[in-house]
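Asker: Below is final03.cif; it holds mmCIF, C-alpha atoms.
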```cif
data_final
loop_
_atom_site.label_atom_id
_atom_site.label_comp_id
_atom_site.auth_asym_id
_atom_site.auth_seq_id
_atom_site.Cartn_x
_atom_site.Cartn_y
_atom_site.Cartn_z
CA MET X 779 0.00 0.00 0.00
CA HIS X 780 1.29 3.46 -0.87
CA VAL X 781 0.64 6.73 0.87
CA LEU X 782 0.80 9.67 -1.53
CA GLN X 783 1.68 12.63 0.59
CA LYS X 784 2.30 16.03 -0.83
CA HIS X 785 -0.72 18.29 -0.47
CA ASP X 786 -0.97 20.71 2.46
CA GLN X 787 -4.73 20.75 2.72
CA ILE X 788 -7.75 18.55 2.02
CA VAL X 789 -7.45 16.56 -1.17
CA SER X 790 -10.74 17.45 -2.82
CA GLY X 791 -10.47 15.46 -6.03
CA ILE X 792 -8.70 12.42 -7.37
CA ASP X 793 -8.79 10.50 -10.63
CA TRP X 794 -6.84 7.51 -11.91
CA SER X 795 -6.25 7.13 -15.61
CA ALA X 796 -6.63 3.49 -16.59
CA LYS X 797 -4.43 3.43 -19.70
CA SER X 798 -1.55 5.71 -18.82
CA ASN X 799 -1.67 4.71 -15.13
CA GLN X 800 -1.37 8.20 -13.77
CA ILE X 801 -3.15 9.61 -10.75
CA VAL X 802 -4.11 13.26 -10.64
CA THR X 803 -4.98 14.88 -7.33
CA VAL X 804 -6.25 18.36 -6.55
CA SER X 805 -6.53 20.04 -3.22
CA HIS X 806 -7.83 23.02 -1.31
CA ASP X 807 -4.22 24.21 -1.31
CA ARG X 808 -4.84 25.33 -4.92
CA ASN X 809 -2.35 22.85 -6.31
CA SER X 810 -2.52 19.73 -8.37
CA TYR X 811 -0.12 16.83 -8.64
CA VAL X 812 0.15 14.21 -11.34
CA TRP X 813 1.56 11.01 -9.88
CA ASN X 814 3.52 8.55 -11.99
CA HIS X 815 4.32 5.05 -10.92
CA GLU X 816 8.08 4.72 -11.29
CA GLY X 817 9.43 1.45 -10.03
CA ALA X 818 8.06 0.94 -6.55
CA GLU X 819 7.18 4.57 -5.89
CA TRP X 820 4.54 7.07 -6.92
CA VAL X 821 6.35 10.24 -7.95
CA PRO X 822 4.44 13.54 -7.91
CA MET X 823 4.78 16.27 -10.48
CA LEU X 824 3.43 19.66 -9.51
CA VAL X 825 0.98 21.31 -11.91
CA ILE X 826 0.74 25.10 -11.64
CA LEU X 827 -2.99 25.64 -11.93
CA ARG X 828 -2.85 29.41 -11.42
CA LEU X 829 -5.79 29.37 -9.06
CA ASN X 830 -6.44 31.77 -6.23
CA ARG X 831 -9.09 29.59 -4.62
CA ALA X 832 -9.42 25.92 -3.75
CA ALA X 833 -9.60 23.26 -6.41
CA LEU X 834 -12.75 21.19 -5.97
CA CYS X 835 -12.87 18.40 -8.52
CA VAL X 836 -10.79 16.78 -11.24
CA GLN X 837 -11.25 14.33 -14.08
CA TRP X 838 -9.01 12.82 -16.75
CA SER X 839 -10.28 13.23 -20.30
CA PRO X 840 -11.23 10.03 -22.20
CA ASN X 841 -7.92 10.06 -24.13
CA GLU X 842 -6.07 10.83 -20.93
CA ASN X 843 -4.07 13.62 -22.55
CA LYS X 844 -5.91 16.36 -20.65
CA PHE X 845 -7.54 16.79 -17.29
CA ALA X 846 -10.08 19.34 -16.07
CA VAL X 847 -10.14 20.94 -12.64
CA GLY X 848 -13.13 22.80 -11.21
CA SER X 849 -12.41 25.42 -8.59
CA GLY X 850 -13.89 27.82 -6.10
CA ALA X 851 -12.41 30.64 -8.16
CA LYS X 852 -15.31 30.28 -10.61
CA THR X 853 -12.89 28.90 -13.18
CA VAL X 854 -12.13 25.61 -14.84
CA CYS X 855 -8.50 24.66 -15.57
CA ILE X 856 -7.80 22.46 -18.56
CA CYS X 857 -4.33 20.96 -18.23
CA TYR X 858 -2.32 19.28 -20.94
CA TYR X 859 1.21 17.92 -21.10
CA GLU X 860 3.93 19.76 -22.97
CA GLN X 861 6.55 17.28 -24.02
CA GLU X 862 9.31 19.82 -24.79
CA ASN X 863 9.26 21.32 -21.32
CA ASN X 864 8.20 18.18 -19.48
CA TRP X 865 5.44 19.89 -17.60
CA TRP X 866 1.68 20.24 -17.45
CA VAL X 867 0.29 23.56 -18.70
CA SER X 868 -2.97 24.95 -17.37
CA LYS X 869 -5.40 26.91 -19.55
CA LEU X 870 -8.21 28.64 -17.73
CA ILE X 871 -11.86 29.02 -18.67
CA ARG X 872 -12.57 32.19 -16.73
CA LYS X 873 -15.89 33.29 -18.15
CA LYS X 874 -19.50 32.31 -17.53
CA HIS X 875 -19.43 30.71 -14.11
CA ASP X 876 -20.98 32.83 -11.37
CA SER X 877 -19.88 30.63 -8.53
CA SER X 878 -17.77 27.62 -7.55
CA VAL X 879 -17.50 24.84 -10.08
CA THR X 880 -18.48 21.71 -8.21
CA SER X 881 -18.10 19.01 -10.81
CA VAL X 882 -16.67 18.42 -14.31
CA ALA X 883 -17.34 15.68 -16.85
CA TRP X 884 -15.77 14.92 -20.22
CA HIS X 885 -17.78 14.01 -23.30
CA PRO X 886 -16.44 10.89 -25.10
CA ASN X 887 -15.12 13.11 -27.92
CA ASN X 888 -12.42 14.43 -25.57
CA ILE X 889 -13.35 18.05 -26.38
CA PHE X 890 -16.66 18.91 -24.78
CA LEU X 891 -16.64 19.41 -21.03
CA ALA X 892 -19.73 19.69 -18.88
CA THR X 893 -19.54 21.61 -15.61
CA THR X 894 -21.91 22.14 -12.72
CA SER X 895 -21.73 25.04 -10.33
CA THR X 896 -23.22 26.35 -7.13
CA ASP X 897 -24.92 29.00 -9.28
CA GLY X 898 -27.33 26.18 -10.16
CA LYS X 899 -26.40 25.90 -13.80
CA CYS X 900 -24.86 23.19 -15.91
CA ARG X 901 -22.76 24.32 -18.85
CA VAL X 902 -20.96 22.62 -21.70
CA PHE X 903 -17.74 24.14 -23.04
CA SER X 904 -15.36 23.33 -25.80
CA THR X 905 -11.81 22.62 -24.63
CA PHE X 906 -10.21 22.30 -28.02
CA ILE X 907 -6.45 22.91 -27.77
CA LYS X 908 -4.33 23.24 -30.90
CA GLY X 909 -1.59 20.69 -30.95
CA VAL X 910 -3.30 18.45 -28.45
CA ASP X 911 -6.67 17.80 -30.09
CA LYS X 912 -7.36 17.01 -33.73
CA ARG X 913 -9.98 18.95 -35.63
CA GLU X 914 -12.93 16.67 -36.32
CA SER X 915 -14.79 16.95 -39.60
CA LYS X 916 -18.10 16.59 -37.70
CA ALA X 917 -20.11 19.80 -37.51
CA GLY X 918 -20.39 19.62 -33.75
CA THR X 919 -16.77 20.26 -32.89
CA SER X 920 -15.32 21.82 -36.01
CA ASP X 921 -15.96 25.46 -35.23
CA SER X 922 -15.63 25.56 -31.49
CA LYS X 923 -12.69 27.31 -29.91
CA PHE X 924 -11.24 26.85 -26.46
CA GLY X 925 -13.47 28.16 -23.69
CA GLU X 926 -16.48 28.68 -25.91
CA GLN X 927 -19.76 27.85 -24.20
CA ILE X 928 -21.84 25.42 -26.21
CA ILE X 929 -24.92 25.32 -24.02
CA GLN X 930 -26.12 26.50 -20.62
CA LEU X 931 -28.78 24.53 -18.75
CA ASP X 932 -30.81 26.52 -16.31
CA LEU X 933 -32.93 23.79 -14.75
CA SER X 934 -32.04 24.04 -11.09
CA PHE X 935 -32.78 26.78 -8.58
CA SER X 936 -30.19 25.50 -6.17
CA TRP X 937 -26.60 24.20 -6.20
CA ALA X 938 -25.82 21.72 -8.90
CA PHE X 939 -23.46 18.76 -8.45
CA GLY X 940 -22.34 15.53 -9.98
CA VAL X 941 -22.62 15.92 -13.77
CA LYS X 942 -21.93 12.92 -16.00
CA TRP X 943 -22.32 12.05 -19.68
CA SER X 944 -23.92 8.82 -20.82
CA PRO X 945 -21.53 6.37 -22.56
CA SER X 946 -22.52 7.63 -26.03
CA GLY X 947 -22.39 11.27 -25.01
CA ASN X 948 -26.00 11.83 -26.00
CA THR X 949 -27.40 12.34 -22.52
CA LEU X 950 -26.29 14.43 -19.55
CA ALA X 951 -27.33 13.84 -15.97
CA TYR X 952 -26.73 16.08 -12.98
CA VAL X 953 -28.24 16.64 -9.57
CA GLY X 954 -29.49 19.64 -7.68
CA HIS X 955 -29.28 20.26 -3.97
CA ASN X 956 -33.07 20.45 -3.92
CA SER X 957 -33.51 16.66 -4.14
CA MET X 958 -33.85 16.64 -7.90
CA ILE X 959 -32.01 14.94 -10.68
CA TYR X 960 -31.94 16.35 -14.20
CA PHE X 961 -31.63 14.36 -17.40
CA VAL X 962 -30.91 16.13 -20.67
CA ASP X 963 -31.12 14.21 -23.94
CA ASP X 964 -29.78 15.40 -27.31
CA VAL X 965 -27.47 17.96 -25.75
CA GLY X 966 -27.11 20.60 -28.44
CA PRO X 967 -29.22 23.33 -30.01
CA SER X 968 -32.54 21.76 -28.95
CA PRO X 969 -32.06 19.65 -25.85
CA LEU X 970 -34.76 17.63 -24.12
CA ALA X 971 -34.71 18.10 -20.37
CA GLN X 972 -36.47 16.08 -17.69
CA ASN X 973 -36.66 17.07 -14.06
CA VAL X 974 -37.15 14.15 -11.72
CA ALA X 975 -38.05 15.00 -8.13
CA PHE X 976 -37.64 12.33 -5.49
CA ARG X 977 -38.61 11.94 -1.85
CA ASN X 978 -35.25 11.54 -0.27
CA LEU X 979 -32.31 13.66 0.74
CA PRO X 980 -30.33 15.27 -2.09
CA LEU X 981 -27.80 13.38 -4.15
CA ARG X 982 -24.20 14.46 -4.62
CA ASP X 983 -22.92 12.39 -7.52
CA VAL X 984 -24.23 10.17 -10.29
CA ILE X 985 -22.83 7.61 -12.67
CA PHE X 986 -24.16 6.08 -15.86
CA VAL X 987 -24.19 2.30 -15.60
CA SER X 988 -25.50 2.08 -19.13
CA GLU X 989 -27.13 4.38 -21.65
CA LYS X 990 -30.46 4.12 -19.83
CA MET X 991 -29.52 3.53 -16.20
CA VAL X 992 -28.02 5.87 -13.65
CA VAL X 993 -26.96 5.34 -10.03
CA GLY X 994 -27.02 8.34 -7.72
CA VAL X 995 -25.41 8.69 -4.30
CA GLY X 996 -25.75 11.30 -1.63
CA PHE X 997 -26.94 12.18 1.81
CA ASP X 998 -29.16 9.16 2.23
CA CYS X 999 -26.15 6.86 2.34
CA ASN X 1000 -27.98 4.47 0.05
CA PRO X 1001 -27.38 4.55 -3.71
CA MET X 1002 -30.48 5.22 -5.82
CA ILE X 1003 -31.12 3.69 -9.23
CA PHE X 1004 -32.82 5.68 -12.00
CA ALA X 1005 -33.71 4.28 -15.38
CA ALA X 1006 -35.28 5.42 -18.64
CA ASP X 1007 -38.12 3.41 -20.12
CA GLU X 1008 -38.71 2.71 -23.82
CA THR X 1009 -40.19 6.16 -24.41
CA GLY X 1010 -37.16 7.78 -22.81
CA ILE X 1011 -38.86 8.94 -19.61
CA TRP X 1012 -36.55 8.75 -16.60
CA SER X 1013 -37.77 7.76 -13.15
CA PHE X 1014 -36.58 6.40 -9.82
CA ILE X 1015 -36.53 2.59 -9.68
CA ARG X 1016 -35.22 1.52 -6.29
CA PHE X 1017 -32.43 1.76 -3.78
CA LEU X 1018 -29.30 -0.31 -4.21
CA GLY X 1019 -29.15 -1.42 -0.57
CA GLU X 1020 -31.96 -3.66 0.67
CA ARG X 1021 -34.43 -1.73 2.77
CA LYS X 1022 -37.07 -3.33 4.96
CA ILE X 1023 -40.35 -1.53 4.40
CA SER X 1024 -41.12 -0.29 7.89
CA SER X 1025 -44.71 0.39 8.83
CA SER X 1026 -44.08 4.04 9.57
CA PRO X 1027 -42.20 5.54 6.62
CA SER X 1028 -41.02 8.59 8.51
CA LYS X 1029 -38.28 6.76 10.37
CA HIS X 1030 -34.92 8.00 9.19
CA GLY X 1031 -32.62 7.13 12.03
CA SER X 1032 -32.68 8.32 15.59
CA GLN X 1033 -31.73 11.98 15.04
CA PHE X 1034 -34.52 12.61 12.55
CA SER X 1035 -37.19 10.80 14.56
CA GLU X 1036 -36.36 12.81 17.63
CA ALA X 1037 -36.42 16.06 15.73
CA PHE X 1038 -39.75 15.27 14.12
CA GLY X 1039 -41.09 14.14 17.45
CA LYS X 1040 -40.21 17.47 19.01
CA LEU X 1041 -41.71 19.35 16.05
CA TYR X 1042 -45.04 17.57 16.10
CA GLY X 1043 -45.12 17.20 19.88
CA GLN X 1044 -45.63 20.96 20.20
CA SER X 1045 -49.15 20.70 18.88
CA LYS X 1046 -51.81 20.46 21.58
CA TYR X 1047 -53.31 17.42 19.89
CA GLY X 1048 -50.52 15.41 21.50
CA LEU X 1049 -49.36 12.94 18.88
CA SER X 1050 -48.62 9.40 19.92
CA ASN X 1051 -45.07 8.50 20.72
CA ASP X 1052 -44.36 5.91 18.08
CA THR X 1053 -42.80 8.46 15.80
CA VAL X 1054 -40.12 9.13 18.38
CA GLU X 1055 -38.66 5.60 18.50
CA PRO X 1056 -35.06 5.66 17.38
CA SER X 1057 -34.36 3.21 14.60
CA ARG X 1058 -31.98 2.58 11.74
CA ALA X 1059 -33.04 1.48 8.30
CA ASP X 1060 -31.73 -2.05 7.88
CA GLY X 1061 -29.25 -2.96 5.22
CA VAL X 1062 -27.73 0.50 5.05
CA ILE X 1063 -24.00 0.06 4.78
CA HIS X 1064 -22.77 3.63 4.79
CA GLU X 1065 -22.95 5.71 7.92
CA ASN X 1066 -22.26 9.07 6.41
CA CYS X 1067 -22.95 11.05 3.28
CA ILE X 1068 -21.61 9.50 0.08
CA LYS X 1069 -19.94 12.22 -1.98
CA TYR X 1070 -18.35 10.55 -4.99
CA LEU X 1071 -18.89 7.56 -7.18
CA SER X 1072 -16.57 6.18 -9.81
CA THR X 1073 -15.81 3.03 -11.69
CA THR X 1074 -12.35 1.83 -12.46
CA LEU X 1075 -11.20 -1.58 -13.53
CA LEU X 1076 -12.68 -2.94 -10.32
CA PRO X 1077 -16.48 -3.06 -10.28
CA SER X 1078 -16.93 0.15 -8.35
CA ILE X 1079 -15.46 2.28 -5.65
CA TYR X 1080 -17.50 4.44 -3.33
CA CYS X 1081 -15.53 7.26 -1.77
CA TYR X 1082 -17.17 8.55 1.29
CA TYR X 1083 -16.48 11.41 3.50
CA MET Q 338 -28.45 36.41 -17.61
CA ALA Q 339 -31.17 38.42 -15.87
CA ARG Q 340 -34.19 36.45 -14.82
CA VAL Q 341 -36.30 39.58 -14.74
CA GLU Q 342 -38.02 38.75 -18.03
CA GLY Q 343 -39.54 35.69 -16.38
CA PHE Q 344 -41.04 37.79 -13.61
CA VAL Q 345 -44.23 39.75 -13.85
CA GLU Q 346 -43.85 43.51 -13.88
CA ALA Q 347 -45.68 45.76 -11.43
CA ASP Q 348 -48.51 46.75 -13.77
CA ASN Q 349 -49.35 43.12 -14.37
CA ALA Q 350 -49.64 42.69 -10.64
CA GLU Q 351 -53.04 44.31 -10.77
CA ALA Q 352 -54.23 41.63 -13.17
CA ILE Q 353 -52.90 38.95 -10.85
CA ILE Q 354 -54.65 40.45 -7.84
CA THR Q 355 -57.92 40.52 -9.74
CA ARG Q 356 -57.46 36.86 -10.59
CA ILE Q 357 -56.79 36.10 -6.95
CA GLU Q 358 -59.99 37.85 -5.96
CA HIS Q 359 -61.91 35.70 -8.43
CA LYS Q 360 -60.28 32.65 -6.93
CA SER Q 361 -61.25 33.80 -3.47
CA ARG Q 362 -64.91 34.00 -4.37
CA LYS Q 363 -64.80 30.56 -5.95
CA ILE Q 364 -63.15 29.15 -2.85
CA GLU Q 365 -65.77 30.67 -0.55
CA SER Q 366 -68.49 28.97 -2.54
CA LEU Q 367 -66.63 25.65 -2.52
CA LEU Q 368 -66.21 25.86 1.24
CA LYS Q 369 -69.91 26.50 1.66
CA GLN Q 370 -70.50 23.26 -0.24
CA TYR Q 371 -68.24 21.42 2.23
CA LYS Q 372 -65.58 20.74 -0.39
CA PRO Q 373 -62.45 21.85 1.42
CA VAL Q 374 -60.10 19.75 -0.72
CA GLU Q 375 -61.41 21.31 -3.93
CA ALA Q 376 -61.03 24.69 -2.32
CA LEU Q 377 -57.41 23.99 -1.46
CA LYS Q 378 -56.65 22.78 -4.98
CA THR Q 379 -58.16 25.93 -6.43
CA ALA Q 380 -56.16 28.04 -4.03
CA LEU Q 381 -52.88 26.29 -4.88
CA GLU Q 382 -53.50 26.32 -8.63
CA GLY Q 383 -52.04 29.24 -10.44
CA SER Q 384 -50.06 30.30 -7.43
CA PRO Q 385 -47.98 33.19 -8.67
CA PRO Q 386 -44.44 32.23 -7.69
CA MET Q 387 -42.96 34.00 -10.68
CA THR Q 388 -43.70 37.42 -9.25
CA ARG Q 389 -41.67 39.54 -6.89
CA ASP Q 390 -44.65 41.62 -5.91
CA GLU Q 391 -45.33 41.16 -2.23
CA ARG Q 392 -48.96 42.15 -2.54
CA CYS Q 393 -49.66 39.31 -4.96
CA LYS Q 394 -47.95 36.84 -2.69
CA SER Q 395 -49.81 38.10 0.38
CA ALA Q 396 -53.12 38.08 -1.44
CA ASN Q 397 -52.59 34.50 -2.54
CA TRP Q 398 -51.45 33.50 0.92
CA ILE Q 399 -54.67 34.81 2.46
CA VAL Q 400 -56.67 32.71 0.02
CA VAL Q 401 -54.60 29.58 0.66
CA HIS Q 402 -54.76 30.15 4.39
CA ARG Q 403 -58.54 30.29 4.30
CA ALA Q 404 -58.67 26.96 2.47
CA LEU Q 405 -56.05 25.35 4.73
CA MET Q 406 -57.83 26.22 7.95
CA ALA Q 407 -61.05 24.72 6.62
CA ILE Q 408 -59.46 21.28 6.25
CA LYS Q 409 -60.60 18.89 8.98
CA ASP Q 410 -59.73 15.50 7.53
CA VAL Q 411 -56.05 15.59 6.62
CA GLU Q 412 -55.78 11.95 5.52
CA GLY Q 413 -58.79 12.31 3.27
CA MET Q 414 -57.34 15.43 1.76
CA PHE Q 415 -54.19 13.63 0.73
CA ALA Q 416 -56.17 10.82 -0.78
CA SER Q 417 -57.49 13.21 -3.40
CA LEU Q 418 -54.61 15.69 -3.75
CA ASP Q 419 -52.32 15.13 -6.74
CA PRO Q 420 -48.58 14.85 -6.08
CA GLU Q 421 -47.87 17.85 -8.29
CA TYR Q 422 -49.33 20.05 -5.53
CA TYR Q 423 -47.08 18.69 -2.79
CA ASP Q 424 -44.16 21.04 -3.34
CA ILE Q 425 -46.25 24.21 -3.48
CA LEU Q 426 -48.31 23.08 -0.47
CA MET Q 427 -45.11 22.57 1.53
CA LYS Q 428 -44.04 26.14 0.74
CA TYR Q 429 -47.34 27.50 2.03
CA LEU Q 430 -47.09 25.32 5.14
CA TYR Q 431 -43.79 26.93 5.98
CA ARG Q 432 -45.26 30.35 5.38
CA GLY Q 433 -48.02 29.40 7.78
CA LEU Q 434 -45.56 28.16 10.37
CA SER Q 435 -43.68 31.43 10.16
CA THR Q 436 -46.73 33.45 11.16
CA GLY Q 437 -46.47 32.26 14.75
CA ASP Q 438 -50.24 32.32 15.13
CA ARG Q 439 -51.32 29.37 17.31
CA PRO Q 440 -54.26 27.92 15.36
CA THR Q 441 -52.48 28.40 12.03
CA CYS Q 442 -49.34 26.71 13.28
CA GLU Q 443 -51.23 23.77 14.73
CA GLN Q 444 -53.07 23.18 11.50
CA CYS Q 445 -49.89 23.55 9.48
CA LEU Q 446 -48.03 21.10 11.69
CA ARG Q 447 -50.76 18.49 11.36
CA ILE Q 448 -50.67 18.77 7.59
CA HIS Q 449 -46.86 18.96 7.54
CA GLU Q 450 -46.55 15.61 9.32
CA LYS Q 451 -48.74 13.83 6.82
CA LEU Q 452 -47.23 15.60 3.85
CA THR Q 453 -43.72 14.60 4.92
CA GLU Q 454 -44.83 10.98 5.19
CA ARG Q 455 -46.19 11.13 1.68
CA ALA Q 456 -43.71 13.31 -0.10
CA GLY Q 457 -40.56 12.60 1.88
CA LEU Q 458 -37.73 14.84 2.95
CA GLY Q 459 -37.08 15.75 -0.69
CA CYS Q 460 -40.21 17.88 -0.64
CA ILE Q 461 -38.93 19.87 2.35
CA LEU Q 462 -35.54 20.25 0.67
CA ARG Q 463 -37.12 21.62 -2.51
CA CYS Q 464 -39.09 24.10 -0.47
CA LEU Q 465 -36.06 25.29 1.49
CA ALA Q 466 -33.59 25.32 -1.39
CA ASP Q 467 -35.75 27.37 -3.72
CA THR Q 468 -35.07 30.99 -2.82
CA VAL Q 469 -36.22 32.21 -6.22
CA ASN Q 470 -39.85 31.05 -6.32
CA THR Q 471 -40.96 32.01 -2.85
CA VAL Q 472 -44.52 32.27 -1.60
#
```
Would you write the structure of this file as structure tokens?

Answerer:
Amino acid sequence: MHVLQKHDQIVSGIDWSAKSNQIVTVSHDRNSYVWNHEGAEWVPMLVILRLNRAALCVQWSPNENKFAVGSGAKTVCICYYEQENNWWVSKLIRKKHDSSVTSVAWHPNNIFLATTSTDGKCRVFSTFIKGVDKRESKAGTSDSKFGEQIIQLDLSFSWAFGVKWSPSGNTLAYVGHNSMIYFVDDVGPSPLAQNVAFRNLPLRDVIFVSEKMVVGVGFDCNPMIFAADETGIWSFIRFLGERKISSSPSKHGSQFSEAFGKLYGQSKYGLSNDTVEPSRADGVIHENCIKYLSTTLLPSIYCYY
Amino acid sequence: MARVEGFVEADNAEAIITRIEHKSRKIESLLKQYKPVEALKTALEGSPPMTRDERCKSANWIVVHRALMAIKDVEGMFASLDPEYYDILMKYLYRGLSTGDRPTCEQCLRIHEKLTERAGLGCILRCLADTVNTV
């Protein structure tokens, strides 16, 4: 087991590239390191991100020649490797975001990047870099320059997190802090958006298991499965962890029951005490909020806070 | 990126208030016919969240409040209320709770308990997180 120690503050994002076997980490200390496995050691290489606020999230691009970093400085850094100087260069997308960039996701074409922000919006940018990316003949990417905004999705009234593309790149999914998940098909000039509200605590991250199935994780400590039916309508299917259906659905663990008990106990109608019983939902594995979800070569890894 | 174009300007507020007055008369007649659930649905329908005008919001709140206080059978009400009304109802419940008036708060708490059972914590979250469409 290796301990990769270099950052001074919380490591807020990490991603492992499967093919080139590099790990990129970003931290609240405004730095990023790319770690290479040399012999028995992981060797860090500092990347000057040119940020004046914390870095919040990072992801390798599909071709693993670039990575994107979202930050609290309302910017996104796109970093690529310059062979001649043996270092990673950071290009900033400074415009458009009104607030911290909470999550970034690469489209399979290695050029489009989706971002979510605490200003509630999800945006797609072009990150085309001359010398690193090849010009495609397809109309979609041919006339986009670096930092150009392709589309802005204004579906959420509260913080947005956890954006991901479907495997084909046709659909985007992201979550809002208001217990909603948004699905956008045909991302482009005329997108098709669906807002799905659900009964539980908000999600923080999502992942596409297939073109029509998404798993979301968040404050309920129990992953939620969403799927699209034949007509393309998305809806909540079930929880991943087994849950016994308790007779009183308002039991959410001892803290909640007590709080609700106090709230309703104020009324002079004197509610019965069975809502105050502390209980835990059975089959729940995680004890705390799940913040990130990713797949690597192993089936899946949950990172929790 | 201004959202002002989505909001109703002040001169349109008069039109909204007139509509609310119409609604109020309809609700009074529904209540006389002992149809409190219908009255509540009418009150919640066409709630003007996309306006910043406080008078419109207050006018609509008075109407909703009237319908809410007339509800005696909370379980029965939920049996016939469509889920699309849950979020807006939750917002009005919190407005009711903020008044501090004893009978209003009691009624709101009773409905809140049942609504949370039905709609889950997500409903509360949506109500709290939405600072743009307030009631």

Asker: Identify all chain Q residues at most 12 Å from chain X by counting all atoms listed in the file; ligands do not count. Present them as an MDAnalysis selection string.

Answerer: chainID Q and resid 338:340 420:421 423:424 434 439:471

Asker: Rounded to one decimal in Å, what is the spacing between CA of Lys409 (chain Q) and CA of Ala396 (chain Q)?

Answerer: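 A separation of 23.1 Å between them.
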
Asker: Just to confirm, what's the straight-line distance from CA of Cys1067 (chain X) to CA of Met1002 (chain X) in Å (one decimal)?

Answerer: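 Atom-to-atom, CA of Cys1067 (chain X) to CA of Met1002 (chain X), that is 13.2 Å.
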
Asker: Taking all atoms listed in the file into account, which of X:Phe939, X:Phe903, X:Trp820, X:Tyr960 comes nearest Ala846 (chain X)?

Answerer: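 Once distances to Ala846 (chain X) are computed over all atoms listed in the file, the minimum belongs to X:Phe903.
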
Asker: Evaluating the PyMOL selection byres ((chain X and resi 904-911) around 10) on the displayed file yields which residues, as number ranges by chain?

Answerer: X: 841, 843-844, 846, 855-860, 869-871, 884-885, 887-892, 902-903, 912-914, 919-929

Asker: Just the number, please: distance in Å from CA of Ala832 (chain X) to CA of Asn809 (chain X), one decimal.

Answerer: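 The value is 8.1 Å.
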
Asker: Select all residues near (6.6, 15.2, -12.4) (cut-off 8 Å, inclusive, file coordinates), counting only C-alpha atoms, and output them as a list in words.

Answerer: Tyr811, Val812, Trp813, Asn814, Val821, Pro822, Met823, Leu824, Asn864 and Trp865 of chain X

Asker: When the PyMOL selection byres ((chain X and resi 792) around 8) is applied to the structure above, which residues does it catch, written out as a PyMOL selection string?

Answerer: chain X and resi 789-791+793-794+801-804+835-837

Asker: Once the PyMOL selection byres ((chain Q and resi 377) around 8) has been applied to the shown file, what residues remain in the selection, as a PyMOL selection string?

Answerer: chain Q and resi 364+373-376+378-381+401+404-405

Asker: Hey, which of X:Ser795, X:Asn973, X:Gln783, X:Thr880 ends up closest to Glu819 (chain X)? Count only C-alpha atoms.

Answerer: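 Smallest distance to Glu819 (chain X) is found for X:Gln783.
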
Asker: Using only C-alpha atoms, which residue out of Q:Trp398, Q:Phe415, Q:Tyr422, Q:Tyr429 lies closest to Glu358 (chain Q)?

Answerer: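 Using only C-alpha atoms, Glu358 (chain Q) sits closest to Q:Trp398.
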